[in-house]
Amino acid sequence: MSIQLYYQDVRKGDEVTPLVKAPTPRQLVMWAGAVGDYMPIHYDQEYARSRGLKGIIVHGQLVGAFLGQLMTDWVGEQGTLIKLNCSYKGMNYPGEAVTLRGKVLRKYVRKGEHFVECSLRAENPRGEKTASGTATVVLPYKDDYKRKGRTR
Amino acid sequence: MAETLSGIAKLKGKVGEAWKPREYLIEGEMIRRFARAVGDTNPLWKDGNIAPPAFTLSIGFEQFVEDLMKLTPFNTVLMGSTEIESYQPIKRGDTITVVFKISNLRERKGQTGKMVFMTFESTYKNKEQELVARCRQMVIGY
């Protein structure tokens with residue numbers, strides 16, 4: 001696991017460490033089994049084409065789960081992802097990379113807890129947005145904080 | 001198409017109604033299988049004791065889709081949006097009661113006939129009746 005991220009590390013406009021995924025048809029089958037989504041547009045090429053698609057597509061929810069991983073990777077073991085929402089704007093196809101990105105929108109303290117809100121985005125290799133959304137995380141706060149000379 | 005249309009009427013009659021609650025025992029292997037499917041190697045869920053927030057999406061989902069397709073046999077269902085709120089981590093050994101509800105339904109004419117935009121909400125409670133998570137998703141069925 002990477003170094004723990006603290007509330008004080010984060011500034012508005014900071015980028016969440018990007019995550020790149022390369023879903024394969026095999027991964028779509030694994031996802032289908034894990035969540036019980038057996039829609040044939042995710043495993044049957046001919047069927048997907050007959051439904052007006054270029055071919056089988058990555059499950060929207062899997063892209064949602066990728067965005068979840070983007071955030072849980074970033075916040076580390078002591079951080080918590082409490083809210084995630086995303087809208088699917090375009091198709092991701094297996095065999096193509098999906099890049100997950102986030103950016104800090106704001107940070108605030110409420111009832112002694114330290115919240116950070118980020119915008120989210122998934123992209124295909126052409127840089128086109130295939131999903132967008134927001135996430136809210138709670139980060140640990142360090143009392144004896146000294147800012148490390150790092151950029152996030 | 002006629003079949004789909006009658007199905008939509010049945011679905012419309014369900015808007016706002018809570019579906020039958022269903023219980024799921026969360027096993028470590030369900031969590032691990034989920035993390036493997038995402039390709040998420042975070043040590044927090046590696047041993048299957050704690051589930052990642054998106055794991056919530058998988059609880060009772062297959063049954064929900066099955067119930068939905070019985071009412072309305074869509075050919076294709078695309079996800080429009082997903083929202084997950086986590087109040088407590090879901091853990092191995094938890095018994096989670098899931099309740100689904102269709103909160104909104106709209107029909108629209110698409111290229112291949114009628115399309116249905118449907119929002120459904122789901123709540124997840126543990127044995128102590130505490131709300132541990134809530135989801136809201138929009139799907140496009142045609």
# chains A, B, ... in the order shown; residues from 1 in each chain; ligands from 1
>>> residues_around(residues="B:Glu17", least_positions_apart="6", cutoff="9 Å", atoms="only C-alpha atoms", output="mmCIF file with N, CA and C atoms, in the first residue's frame")
data_model
loop_
_atom_site.group_PDB
_atom_site.id
_atom_site.type_symbol
_atom_site.label_atom_id
_atom_site.label_comp_id
_atom_site.auth_asym_id
_atom_site.auth_seq_id
_atom_site.Cartn_x
_atom_site.Cartn_y
_atom_site.Cartn_z
ATOM 1 N N PHE B 100 -35.294 -3.513 -2.770
ATOM 2 C CA PHE B 100 -35.267 -2.709 -3.987
ATOM 3 C C PHE B 100 -36.591 -1.982 -4.168
ATOM 4 N N LYS B 101 -36.520 -0.867 -4.868
ATOM 5 C CA LYS B 101 -37.734 -0.098 -5.163
ATOM 6 C C LYS B 101 -37.505 0.663 -6.458
ATOM 7 N N ILE B 102 -38.466 0.627 -7.352
ATOM 8 C CA ILE B 102 -38.373 1.463 -8.548
ATOM 9 C C ILE B 102 -38.940 2.826 -8.161
ATOM 10 N N SER B 103 -38.121 3.862 -8.280
ATOM 11 C CA SER B 103 -38.585 5.170 -7.813
ATOM 12 C C SER B 103 -39.057 6.063 -8.953
#
>>> select_by_dssp(residues="stretch 11-97 of chain B", states="strand (DSSP E or B)", output="list in words")
Ala18, Arg22, Glu23, Tyr24, Leu25, Ile50, Val77, Leu78, Met79, Gly80, Ser81, Thr82, Glu83, Ile84, Glu85, Ser86, Lys91, Thr95, Ile96 and Thr97 of chain B
>>> closest_residue(among="A:Trp74, A:Tyr7, A:Tyr108, A:Tyr93", to="chain B", atoms="only C-alpha atoms")
A:Trp74
>>> residues_around(residues="stretch 128-143 of chain A", least_positions_apart="5", cutoff="8 Å", atoms="only C-alpha atoms", output="PDB file with N, CA and C atoms, in the first residue's frame")
ATOM      1  N   LEU A   5      -2.540   8.981   3.022  1.00  0.00           N
ATOM      2  CA  LEU A   5      -2.901  10.353   2.670  1.00  0.00           C
ATOM      3  C   LEU A   5      -3.630  10.989   3.846  1.00  0.00           C
ATOM      4  N   TYR A   6      -3.250  12.211   4.198  1.00  0.00           N
ATOM      5  CA  TYR A   6      -3.919  12.945   5.281  1.00  0.00           C
ATOM      6  C   TYR A   6      -4.683  14.143   4.722  1.00  0.00           C
ATOM      7  N   TYR A   7      -5.659  14.545   5.496  1.00  0.00           N
ATOM      8  CA  TYR A   7      -6.505  15.677   5.109  1.00  0.00           C
ATOM      9  C   TYR A   7      -5.655  16.892   4.739  1.00  0.00           C
ATOM     10  N   GLN A   8      -4.593  17.103   5.513  1.00  0.00           N
ATOM     11  CA  GLN A   8      -3.749  18.274   5.281  1.00  0.00           C
ATOM     12  C   GLN A   8      -2.945  18.179   3.986  1.00  0.00           C
ATOM     13  N   VAL A  63     -17.148  -0.009 -14.551  1.00  0.00           N
ATOM     14  CA  VAL A  63     -16.466   1.295 -14.613  1.00  0.00           C
ATOM     15  C   VAL A  63     -16.709   2.044 -13.298  1.00  0.00           C
ATOM     16  N   MET A  71     -10.570   5.747  -5.904  1.00  0.00           N
ATOM     17  CA  MET A  71     -10.671   6.509  -4.658  1.00  0.00           C
ATOM     18  C   MET A  71     -10.137   5.738  -3.448  1.00  0.00           C
ATOM     19  N   VAL A  75      -7.120   7.085  -1.000  1.00  0.00           N
ATOM     20  CA  VAL A  75      -7.302   7.473   0.407  1.00  0.00           C
ATOM     21  C   VAL A  75      -6.543   6.569   1.380  1.00  0.00           C
ATOM     22  N   GLN A  78      -6.481   4.204   5.987  1.00  0.00           N
ATOM     23  CA  GLN A  78      -7.199   4.954   7.028  1.00  0.00           C
ATOM     24  C   GLN A  78      -8.256   5.906   6.467  1.00  0.00           C
ATOM     25  N   GLY A  79      -8.361   5.981   5.152  1.00  0.00           N
ATOM     26  CA  GLY A  79      -9.389   6.813   4.538  1.00  0.00           C
ATOM     27  C   GLY A  79     -10.613   5.978   4.216  1.00  0.00           C
ATOM     28  N   THR A  80     -11.756   6.634   4.040  1.00  0.00           N
ATOM     29  CA  THR A  80     -12.990   5.904   3.748  1.00  0.00           C
ATOM     30  C   THR A  80     -13.742   6.587   2.609  1.00  0.00           C
ATOM     31  N   LEU A  81     -14.157   5.773   1.666  1.00  0.00           N
ATOM     32  CA  LEU A  81     -15.014   6.269   0.590  1.00  0.00           C
ATOM     33  C   LEU A  81     -16.452   6.150   1.081  1.00  0.00           C
ATOM     34  N   ILE A  82     -17.138   7.285   1.226  1.00  0.00           N
ATOM     35  CA  ILE A  82     -18.493   7.206   1.771  1.00  0.00           C
ATOM     36  C   ILE A  82     -19.570   7.425   0.707  1.00  0.00           C
ATOM     37  N   LYS A  83     -19.185   8.076  -0.395  1.00  0.00           N
ATOM     38  CA  LYS A  83     -20.190   8.290  -1.430  1.00  0.00           C
ATOM     39  C   LYS A  83     -19.542   8.332  -2.806  1.00  0.00           C
ATOM     40  N   LEU A  84     -20.183   7.674  -3.738  1.00  0.00           N
ATOM     41  CA  LEU A  84     -19.686   7.644  -5.112  1.00  0.00           C
ATOM     42  C   LEU A  84     -20.890   7.729  -6.025  1.00  0.00           C
ATOM     43  N   ASN A  85     -20.846   8.649  -6.970  1.00  0.00           N
ATOM     44  CA  ASN A  85     -21.884   8.588  -7.996  1.00  0.00           C
ATOM     45  C   ASN A  85     -21.276   8.837  -9.352  1.00  0.00           C
ATOM     46  N   CYS A  86     -21.802   8.164 -10.352  1.00  0.00           N
ATOM     47  CA  CYS A  86     -21.289   8.368 -11.701  1.00  0.00           C
ATOM     48  C   CYS A  86     -22.383   8.116 -12.723  1.00  0.00           C
ATOM     49  N   SER A  87     -22.286   8.885 -13.812  1.00  0.00           N
ATOM     50  CA  SER A  87     -23.184   8.712 -14.948  1.00  0.00           C
ATOM     51  C   SER A  87     -22.364   8.182 -16.104  1.00  0.00           C
ATOM     52  N   TYR A  88     -22.941   7.224 -16.811  1.00  0.00           N
ATOM     53  CA  TYR A  88     -22.221   6.619 -17.927  1.00  0.00           C
ATOM     54  C   TYR A  88     -22.558   7.391 -19.189  1.00  0.00           C
ATOM     55  N   LYS A  89     -21.508   7.933 -19.818  1.00  0.00           N
ATOM     56  CA  LYS A  89     -21.701   8.848 -20.944  1.00  0.00           C
ATOM     57  C   LYS A  89     -21.365   8.207 -22.281  1.00  0.00           C
ATOM     58  N   GLY A  90     -20.605   7.135 -22.237  1.00  0.00           N
ATOM     59  CA  GLY A  90     -20.187   6.499 -23.491  1.00  0.00           C
ATOM     60  C   GLY A  90     -19.744   5.081 -23.204  1.00  0.00           C
ATOM     61  N   MET A  91     -19.424   4.360 -24.268  1.00  0.00           N
ATOM     62  CA  MET A  91     -19.074   2.948 -24.115  1.00  0.00           C
ATOM     63  C   MET A  91     -17.572   2.770 -23.927  1.00  0.00           C
ATOM     64  N   ASN A  92     -17.222   1.807 -23.089  1.00  0.00           N
ATOM     65  CA  ASN A  92     -15.848   1.307 -23.016  1.00  0.00           C
ATOM     66  C   ASN A  92     -15.870  -0.091 -23.603  1.00  0.00           C
ATOM     67  N   GLU A 113     -15.199  15.484  11.521  1.00  0.00           N
ATOM     68  CA  GLU A 113     -14.677  14.592  10.477  1.00  0.00           C
ATOM     69  C   GLU A 113     -14.191  15.417   9.290  1.00  0.00           C
ATOM     70  N   HIS A 114     -13.212  14.867   8.596  1.00  0.00           N
ATOM     71  CA  HIS A 114     -12.530  15.606   7.537  1.00  0.00           C
ATOM     72  C   HIS A 114     -12.890  15.052   6.164  1.00  0.00           C
ATOM     73  N   PHE A 115     -13.688  15.827   5.444  1.00  0.00           N
ATOM     74  CA  PHE A 115     -14.239  15.370   4.170  1.00  0.00           C
ATOM     75  C   PHE A 115     -13.505  15.991   2.986  1.00  0.00           C
ATOM     76  N   VAL A 116     -13.387  15.210   1.929  1.00  0.00           N
ATOM     77  CA  VAL A 116     -12.855  15.715   0.664  1.00  0.00           C
ATOM     78  C   VAL A 116     -13.797  15.251  -0.445  1.00  0.00           C
ATOM     79  N   GLU A 117     -14.179  16.204  -1.287  1.00  0.00           N
ATOM     80  CA  GLU A 117     -15.064  15.870  -2.400  1.00  0.00           C
ATOM     81  C   GLU A 117     -14.290  16.006  -3.710  1.00  0.00           C
ATOM     82  N   CYS A 118     -14.425  15.004  -4.558  1.00  0.00           N
ATOM     83  CA  CYS A 118     -13.675  14.999  -5.813  1.00  0.00           C
ATOM     84  C   CYS A 118     -14.615  14.827  -7.003  1.00  0.00           C
ATOM     85  N   SER A 119     -14.211  15.381  -8.140  1.00  0.00           N
ATOM     86  CA  SER A 119     -14.921  15.071  -9.379  1.00  0.00           C
ATOM     87  C   SER A 119     -14.248  13.842  -9.984  1.00  0.00           C
ATOM     88  N   LEU A 120     -15.005  13.066 -10.711  1.00  0.00           N
ATOM     89  CA  LEU A 120     -14.497  11.814 -11.278  1.00  0.00           C
ATOM     90  C   LEU A 120     -14.709  11.797 -12.782  1.00  0.00           C
ATOM     91  N   ARG A 121     -13.859  11.035 -13.442  1.00  0.00           N
ATOM     92  CA  ARG A 121     -13.961  10.939 -14.883  1.00  0.00           C
ATOM     93  C   ARG A 121     -13.330   9.628 -15.349  1.00  0.00           C
ATOM     94  N   ALA A 122     -13.984   8.959 -16.289  1.00  0.00           N
ATOM     95  CA  ALA A 122     -13.394   7.783 -16.945  1.00  0.00           C
ATOM     96  C   ALA A 122     -13.214   8.142 -18.412  1.00  0.00           C
ATOM     97  N   GLU A 123     -12.111   7.704 -18.966  1.00  0.00           N
ATOM     98  CA  GLU A 123     -11.803   8.041 -20.367  1.00  0.00           C
ATOM     99  C   GLU A 123     -11.437   6.794 -21.149  1.00  0.00           C
TER     100      GLU A 123
END
>>> residues_around(residues="stretch 43-47 of chain A", least_positions_apart="3", cutoff="12 Å", atoms="only C-alpha atoms", output="list in words")
Thr24, Pro25, Arg26, Gln27, Leu28, Val29, Met30, Trp31, Ala32, Gly33, Asp37, Tyr38, Met39, Pro40, Ser50, Arg51, Gly52, Leu53, Lys54, Gly55, Ile56, Ile57, Val58, His59, Tyr93 and Pro94 of chain A; Asn75 and Thr76 of chain B
>>> write_last_selection(atoms="C-alpha atoms", output="compact mmCIF listing (two decimals), in the first residue's frame")
# COMPACT_ATOMS: atom_id res chain seq x y z
CA THR A 24 -10.53 -7.97 -21.26
CA PRO A 25 -13.53 -10.13 -22.25
CA ARG A 26 -12.35 -12.48 -19.48
CA GLN A 27 -12.63 -9.71 -16.90
CA LEU A 28 -16.17 -8.93 -18.10
CA VAL A 29 -17.08 -12.57 -17.55
CA MET A 30 -15.55 -12.45 -14.07
CA TRP A 31 -17.56 -9.31 -13.31
CA ALA A 32 -20.73 -10.90 -14.69
CA GLY A 33 -20.24 -13.78 -12.27
CA ASP A 37 -25.22 -9.49 -14.49
CA TYR A 38 -25.60 -11.85 -17.45
CA MET A 39 -26.73 -9.40 -20.13
CA PRO A 40 -25.35 -10.87 -23.40
CA SER A 50 -27.41 -6.85 -33.35
CA ARG A 51 -28.29 -4.38 -30.58
CA GLY A 52 -26.58 -1.54 -32.40
CA LEU A 53 -23.25 -1.67 -30.52
CA LYS A 54 -19.76 -1.89 -32.03
CA GLY A 55 -19.17 -5.07 -30.08
CA ILE A 56 -19.35 -6.26 -26.48
CA ILE A 57 -19.10 -3.41 -23.99
CA VAL A 58 -17.69 -3.05 -20.50
CA HIS A 59 -20.43 -3.14 -17.82
CA TYR A 93 -14.82 -1.70 -25.08
CA PRO A 94 -12.72 -4.59 -23.78
CA ASN B 75 -33.78 -7.33 -24.74
CA THR B 76 -31.09 -5.02 -23.52
>>> closest_atom_pairs(of="chain B", to="chain A", cutoff="10 Å", atoms="only C-alpha atoms", output="JSON lines")
{"residue": "B:Met30", "atom": "CA", "partner": "A:Ala34", "partner_atom": "CA", "distance": 7.3}
{"residue": "B:Ile31", "atom": "CA", "partner": "A:Ala34", "partner_atom": "CA", "distance": 8.8}
{"residue": "B:Arg32", "atom": "CA", "partner": "A:Ala34", "partner_atom": "CA", "distance": 9.3}
{"residue": "B:Arg33", "atom": "CA", "partner": "A:Ala34", "partner_atom": "CA", "distance": 6.1}
{"residue": "B:Phe34", "atom": "CA", "partner": "A:Ala34", "partner_atom": "CA", "distance": 5.3}
{"residue": "B:Ala35", "atom": "CA", "partner": "A:Ala34", "partner_atom": "CA", "distance": 8.9}
{"residue": "B:Arg36", "atom": "CA", "partner": "A:Met30", "partner_atom": "CA", "distance": 7.9}
{"residue": "B:Ala37", "atom": "CA", "partner": "A:Trp31", "partner_atom": "CA", "distance": 4.9}
{"residue": "B:Val38", "atom": "CA", "partner": "A:Phe66", "partner_atom": "CA", "distance": 6.7}
{"residue": "B:Gly39", "atom": "CA", "partner": "A:Gln27", "partner_atom": "CA", "distance": 8.3}
{"residue": "B:Asp40", "atom": "CA", "partner": "A:Gln69", "partner_atom": "CA", "distance": 6.6}
{"residue": "B:Thr41", "atom": "CA", "partner": "A:Gln69", "partner_atom": "CA", "distance": 9.3}
{"residue": "B:Asn42", "atom": "CA", "partner": "A:Asp73", "partner_atom": "CA", "distance": 7.1}
{"residue": "B:Pro43", "atom": "CA", "partner": "A:Met1", "partner_atom": "CA", "distance": 7.4}
{"residue": "B:Leu44", "atom": "CA", "partner": "A:Glu77", "partner_atom": "CA", "distance": 7.0}
{"residue": "B:Pro52", "atom": "CA", "partner": "A:Gly68", "partner_atom": "CA", "distance": 8.0}
{"residue": "B:Pro53", "atom": "CA", "partner": "A:Leu81", "partner_atom": "CA", "distance": 7.1}
{"residue": "B:Ala54", "atom": "CA", "partner": "A:Ala65", "partner_atom": "CA", "distance": 5.4}
{"residue": "B:Phe55", "atom": "CA", "partner": "A:Ala65", "partner_atom": "CA", "distance": 8.1}
{"residue": "B:Thr56", "atom": "CA", "partner": "A:Val35", "partner_atom": "CA", "distance": 9.4}
{"residue": "B:Leu57", "atom": "CA", "partner": "A:Val35", "partner_atom": "CA", "distance": 7.1}
{"residue": "B:Ser58", "atom": "CA", "partner": "A:Val35", "partner_atom": "CA", "distance": 4.2}
{"residue": "B:Ile59", "atom": "CA", "partner": "A:Val35", "partner_atom": "CA", "distance": 7.3}
{"residue": "B:Gly60", "atom": "CA", "partner": "A:Val35", "partner_atom": "CA", "distance": 8.4}
{"residue": "B:Phe61", "atom": "CA", "partner": "A:Gly36", "partner_atom": "CA", "distance": 6.4}
{"residue": "B:Glu62", "atom": "CA", "partner": "A:Gly36", "partner_atom": "CA", "distance": 4.5}
{"residue": "B:Gln63", "atom": "CA", "partner": "A:Gly36", "partner_atom": "CA", "distance": 8.1}
{"residue": "B:Phe64", "atom": "CA", "partner": "A:Gly36", "partner_atom": "CA", "distance": 9.7}
{"residue": "B:Val65", "atom": "CA", "partner": "A:Asp37", "partner_atom": "CA", "distance": 7.7}
{"residue": "B:Glu66", "atom": "CA", "partner": "A:Asp37", "partner_atom": "CA", "distance": 9.6}
{"residue": "B:Asn75", "atom": "CA", "partner": "A:Arg51", "partner_atom": "CA", "distance": 8.5}
{"residue": "B:Thr76", "atom": "CA", "partner": "A:Met39", "partner_atom": "CA", "distance": 7.0}
{"residue": "B:Val77", "atom": "CA", "partner": "A:Met39", "partner_atom": "CA", "distance": 7.4}
{"residue": "B:Leu78", "atom": "CA", "partner": "A:Gly60", "partner_atom": "CA", "distance": 7.6}
{"residue": "B:Met79", "atom": "CA", "partner": "A:Gly60", "partner_atom": "CA", "distance": 5.5}
{"residue": "B:Gly80", "atom": "CA", "partner": "A:Tyr88", "partner_atom": "CA", "distance": 5.4}
{"residue": "B:Ser81", "atom": "CA", "partner": "A:Ser87", "partner_atom": "CA", "distance": 4.1}
{"residue": "B:Thr82", "atom": "CA", "partner": "A:Cys86", "partner_atom": "CA", "distance": 5.4}
{"residue": "B:Glu83", "atom": "CA", "partner": "A:Asn85", "partner_atom": "CA", "distance": 4.0}
{"residue": "B:Ile84", "atom": "CA", "partner": "A:Leu84", "partner_atom": "CA", "distance": 5.2}
{"residue": "B:Glu85", "atom": "CA", "partner": "A:Lys83", "partner_atom": "CA", "distance": 4.5}
{"residue": "B:Ser86", "atom": "CA", "partner": "A:Ile82", "partner_atom": "CA", "distance": 4.8}
{"residue": "B:Tyr87", "atom": "CA", "partner": "A:Ile82", "partner_atom": "CA", "distance": 6.6}
{"residue": "B:Gln88", "atom": "CA", "partner": "A:Ile82", "partner_atom": "CA", "distance": 8.6}
{"residue": "B:Pro89", "atom": "CA", "partner": "A:Thr80", "partner_atom": "CA", "distance": 9.1}
{"residue": "B:Gln111", "atom": "CA", "partner": "A:Gly52", "partner_atom": "CA", "distance": 9.7}
{"residue": "B:Thr112", "atom": "CA", "partner": "A:Arg51", "partner_atom": "CA", "distance": 8.7}
{"residue": "B:Ala133", "atom": "CA", "partner": "A:Ile82", "partner_atom": "CA", "distance": 9.2}
{"residue": "B:Arg134", "atom": "CA", "partner": "A:Lys83", "partner_atom": "CA", "distance": 9.6}
{"residue": "B:Cys135", "atom": "CA", "partner": "A:Asn85", "partner_atom": "CA", "distance": 9.3}
{"residue": "B:Arg136", "atom": "CA", "partner": "A:Asn85", "partner_atom": "CA", "distance": 8.8}
{"residue": "B:Gln137", "atom": "CA", "partner": "A:Asn85", "partner_atom": "CA", "distance": 9.2}
{"residue": "B:Met138", "atom": "CA", "partner": "A:Ser87", "partner_atom": "CA", "distance": 8.7}
{"residue": "B:Val139", "atom": "CA", "partner": "A:Gly60", "partner_atom": "CA", "distance": 9.9}
{"residue": "B:Tyr142", "atom": "CA", "partner": "A:Arg51", "partner_atom": "CA", "distance": 9.5}
>>> atom_distance(atom1="atom CA of B:Asn126", atom2="atom CA of B:Ile50")
14.1 Å
>>> select_by_dssp(residues="chain B", states="helix (DSSP H, G or I)", output="count of residues only")
43
>>> atom_distance(atom1="atom CA of B:Gly110", atom2="atom CA of B:Lys70")
22.3 Å
>>> closest_residue(among="B:Ile90, B:Lys46, B:Thr119, B:Lys20", to="B:Glu107", atoms="only C-alpha atoms")
B:Thr119
